[in-house]
Amino acid sequence: MSEKQRTLAKEISLTGYGLHTGNCVTITFKPAPVNHGYKFCRVDLPGKPLIDALAEHVTDTSRGTTLVQNNASVATIEHVLAAFHGLRVDNALIELNGPEAPIMGGSAWMFVEAIKEAGIIDQKEDRNYFVIKQKITFSDEEHGVDLIVYPDDHFSVNVLIDYNSKILGNQYSILDSIDDFEEKICKSRTFVFFHELESLYNKGLIKGGDLDNAIVILEKEVKQSEIDRIAKLFNRPGINTHKAGILNNTELRYPNEPARHKLLDIMGDIALVGHPIKGKIVATRPGHYANTRLAKIIRQEMKKALSKRDIPVYDATQPPVFTIEDIKKRLPHRFPFLMVDKIIALDESSIVGIKNVTFNESFFQGHFPDEPIMPGVLLVEALAQTGGLLVLSSVEEPEKYSTYFLKIDKLKFKHKVVPGDTVILKMEFADVMRRGIATMFGQAFVGNILVLEGEMTAQVVKNK
């Protein structure tokens, strides 16, 4: 039986303090239409800008997840998104009157309770799962971080954490079914080591930190004067214990609460994929950076899957977006190395070009005399030139800029190209272009046959 998308039955608001800014902020959850997903709205800013909760908008993961879009930002959003994800709510508008979501006890519990109080209703359209078909990985060998998503028929998460800590030890947490999120995961609180507190405070962070919304772990005994000094920073005098362990003598809600909180963070960060997934996540030493990188990789795979179903159609009777003369004004390439004849489609995120292949191409003299095949490297070049036109379309005065290849990844040749073929070249941004660096996913087709695909990274540079 198909599952329906879900949203809130009514709006509901909560007020609290941001963990890092210390600002008092009101957050309001509102119902949203089908296929809306999660969007944040900064109601305190002119024009009330929207921020899509998608991985490509992540800009900072130092002590939480921050999104930036439309010249607006919203920080520490992982617990909010975990609550919606864990309760299988697909569509919601999340309004804030400040730059950071309130910490609300350091877990997702209060957000879960608010969502349940508002009520959850089914919508008319089916839920759009992204089903993991092959293993997807993110690894950081230097820090011992590994996140792997395996194909499965439902969503689950396994987490292992290791902080080389006598107090924490190695901890393991499992969520076999998302239906167990409320009972087993949502109450787990964020945690911090005592020796990190002053450094975080001096960096202007954890201004809203409190012993009521975090577990503070004391690795070793310290003098009472040191505890008093740190407690004074947070306006919490009267902490007398100095034994190694949990500083504020808080009773843990679960024996492995830190590991469960790391699983909660994964739930929130993976919501940035934009669709619920069916797959098994196995995470070793996860953190916000690794979580959001994995979400980006999953989104790239999702876009590829959609692209494979969305083969461009070439209608030779329609006028091109760019003629060859338009292309020559934007690209420096000339005979025998201009590999794009015209552009037939262009928008903010994708482009479609055409390369007509004839027997008169000079490279057929040697590749190969008795079996003419277009060299794969030139097909890559044709895609790269098409991608260059996409990148240059995003800057003013494109004739003053050039694009340069930085990297090719996951390149696959599927079918040969021969004289008489018309190659359709499709390139689309795989991520938001930052600091002149553009990552794109490219495909080349002959008719409805995929002949080449891969990821390409380029840099746009102003000409001297």
# chains A, B, ... in the order shown; residues from 1 in each chain; ligands from 1
>>> residues_around(residues="stretch 398-400 of chain A", least_positions_apart="4", cutoff="8 Å", atoms="only C-alpha atoms", output="list in words")
Lys329, Arg330, Leu331, Leu392, Ser393, Lys462 and Asn463 of chain A
>>> write_last_selection(atoms="N, CA and C atoms", output="PDB file, in the first residue's frame")
ATOM      1  N   LYS A 329      31.394  33.945 -29.257  1.00  0.00           N
ATOM      2  CA  LYS A 329      31.572  35.153 -28.448  1.00  0.00           C
ATOM      3  C   LYS A 329      31.859  34.825 -26.986  1.00  0.00           C
ATOM      4  N   ARG A 330      31.499  33.610 -26.571  1.00  0.00           N
ATOM      5  CA  ARG A 330      31.630  33.223 -25.168  1.00  0.00           C
ATOM      6  C   ARG A 330      32.782  32.269 -24.899  1.00  0.00           C
ATOM      7  N   LEU A 331      33.117  31.439 -25.898  1.00  0.00           N
ATOM      8  CA  LEU A 331      34.199  30.474 -25.739  1.00  0.00           C
ATOM      9  C   LEU A 331      35.379  30.860 -26.623  1.00  0.00           C
ATOM     10  N   LEU A 392      29.372  30.316 -17.536  1.00  0.00           N
ATOM     11  CA  LEU A 392      29.515  31.706 -17.968  1.00  0.00           C
ATOM     12  C   LEU A 392      28.174  32.426 -18.034  1.00  0.00           C
ATOM     13  N   SER A 393      27.090  31.664 -18.187  1.00  0.00           N
ATOM     14  CA  SER A 393      25.768  32.288 -18.232  1.00  0.00           C
ATOM     15  C   SER A 393      25.364  32.858 -16.877  1.00  0.00           C
ATOM     16  N   LYS A 462      38.362  35.438 -14.196  1.00  0.00           N
ATOM     17  CA  LYS A 462      38.305  36.651 -15.008  1.00  0.00           C
ATOM     18  C   LYS A 462      39.584  36.799 -15.811  1.00  0.00           C
ATOM     19  N   ASN A 463      39.437  37.077 -17.092  1.00  0.00           N
ATOM     20  CA  ASN A 463      40.595  37.208 -17.967  1.00  0.00           C
ATOM     21  C   ASN A 463      41.419  38.446 -17.613  1.00  0.00           C
TER      22      ASN A 463
END
>>> select_by_dssp(residues="stretch 47-121 of chain A", states="strand (DSSP E)", output="count of residues only")
20
>>> atom_distance(atom1="atom CA of A:Met456", atom2="atom CA of A:Ser394")
17.0 Å
>>> residues_around(residues="stretch 403-419 of chain A", least_positions_apart="5", cutoff="8 Å", atoms="only C-alpha atoms", output="list in words")
Val357, Thr358, Phe359, Pro372, Ile373, Met374, Gly376, Ala384, Gly388, Val391, Leu392, Val446, Ile449, Leu450, Val451, Leu452, Glu453, Gly454, Glu455, Met456, Thr457, Ala458, Gln459, Val460 and Val461 of chain A
>>> select_by_dssp(residues="stretch 257-405 of chain A", states="helix (DSSP H, G or I)", output="PyMOL selection string")
chain A and resi 257-273+288-309+324-330+362-365+376-392+398-400
>>> closest_residue(among="A:Leu175, A:Leu168, A:Leu338, A:Ile424", to="A:Gly353", atoms="only C-alpha atoms")
A:Ile424
>>> residues_around(residues="stretch 136-140 of chain A", least_positions_apart="6", cutoff="6 Å", atoms="only C-alpha atoms", output="PyMOL selection string")
chain A and resi 146-149+294
>>> closest_residue(among="A:Leu272, A:Val131, A:Ile185, A:Ile178", to="A:Ser107", atoms="only C-alpha atoms")
A:Ile185
>>> residues_around(residues="A:Ile115", least_positions_apart="6", cutoff="8 Å", atoms="only C-alpha atoms", output="list in words")
Leu8, Ile12, Phe29 and Phe84 of chain A
>>> residues_around(residues="stretch 118-122 of chain A", least_positions_apart="2", cutoff="8 Å", atoms="only C-alpha atoms", output="ChimeraX atom specification")
/A:4-12,89,114-116,124
>>> closest_residue(among="A:Asp179, A:Ala214, A:Tyr172, A:Val80", to="A:Leu19", atoms="only C-alpha atoms")
A:Ala214
>>> closest_residue(among="A:Ala101, A:Tyr401, A:Ile327, A:Ile311", to="A:Lys426", atoms="only C-alpha atoms")
A:Ile311
>>> residues_around(residues="A:Ile343", least_positions_apart="4", cutoff="10 Å", atoms="only C-alpha atoms", output="list in words")
Pro319, Pro320, Val321, Phe322, Thr323, Ile324, Asp326, Ile327, Ile351, Val352, Gly353, Ile354, Lys355, Thr386, Leu389, Leu390, Ile424, Leu425 and Lys426 of chain A
>>> write_last_selection(atoms="C-alpha atoms", output="PDB file, in the first residue's frame")
ATOM      1  CA  PRO A 319      15.564  28.194 -33.095  1.00  0.00           C
ATOM      2  CA  PRO A 320      18.602  27.687 -30.859  1.00  0.00           C
ATOM      3  CA  VAL A 321      19.279  29.599 -27.644  1.00  0.00           C
ATOM      4  CA  PHE A 322      22.865  30.181 -28.825  1.00  0.00           C
ATOM      5  CA  THR A 323      23.976  29.899 -32.451  1.00  0.00           C
ATOM      6  CA  ILE A 324      27.569  29.059 -33.317  1.00  0.00           C
ATOM      7  CA  ASP A 326      26.887  33.298 -30.024  1.00  0.00           C
ATOM      8  CA  ILE A 327      29.055  30.442 -28.771  1.00  0.00           C
ATOM      9  CA  ILE A 351      22.098  23.523 -20.333  1.00  0.00           C
ATOM     10  CA  VAL A 352      21.670  21.351 -23.448  1.00  0.00           C
ATOM     11  CA  GLY A 353      24.014  21.595 -26.435  1.00  0.00           C
ATOM     12  CA  ILE A 354      24.397  19.869 -29.797  1.00  0.00           C
ATOM     13  CA  LYS A 355      27.468  18.433 -31.537  1.00  0.00           C
ATOM     14  CA  THR A 386      28.848  22.986 -22.841  1.00  0.00           C
ATOM     15  CA  LEU A 389      28.684  27.990 -21.346  1.00  0.00           C
ATOM     16  CA  LEU A 390      26.437  27.122 -18.388  1.00  0.00           C
ATOM     17  CA  ILE A 424      23.015  15.840 -27.303  1.00  0.00           C
ATOM     18  CA  LEU A 425      25.136  17.326 -24.520  1.00  0.00           C
ATOM     19  CA  LYS A 426      23.469  17.937 -21.148  1.00  0.00           C
TER      20      LYS A 426
END
>>> closest_residue(among="A:Tyr254, A:Phe194, A:Cys186, A:Asp44", to="A:Glu226", atoms="only C-alpha atoms")
A:Phe194
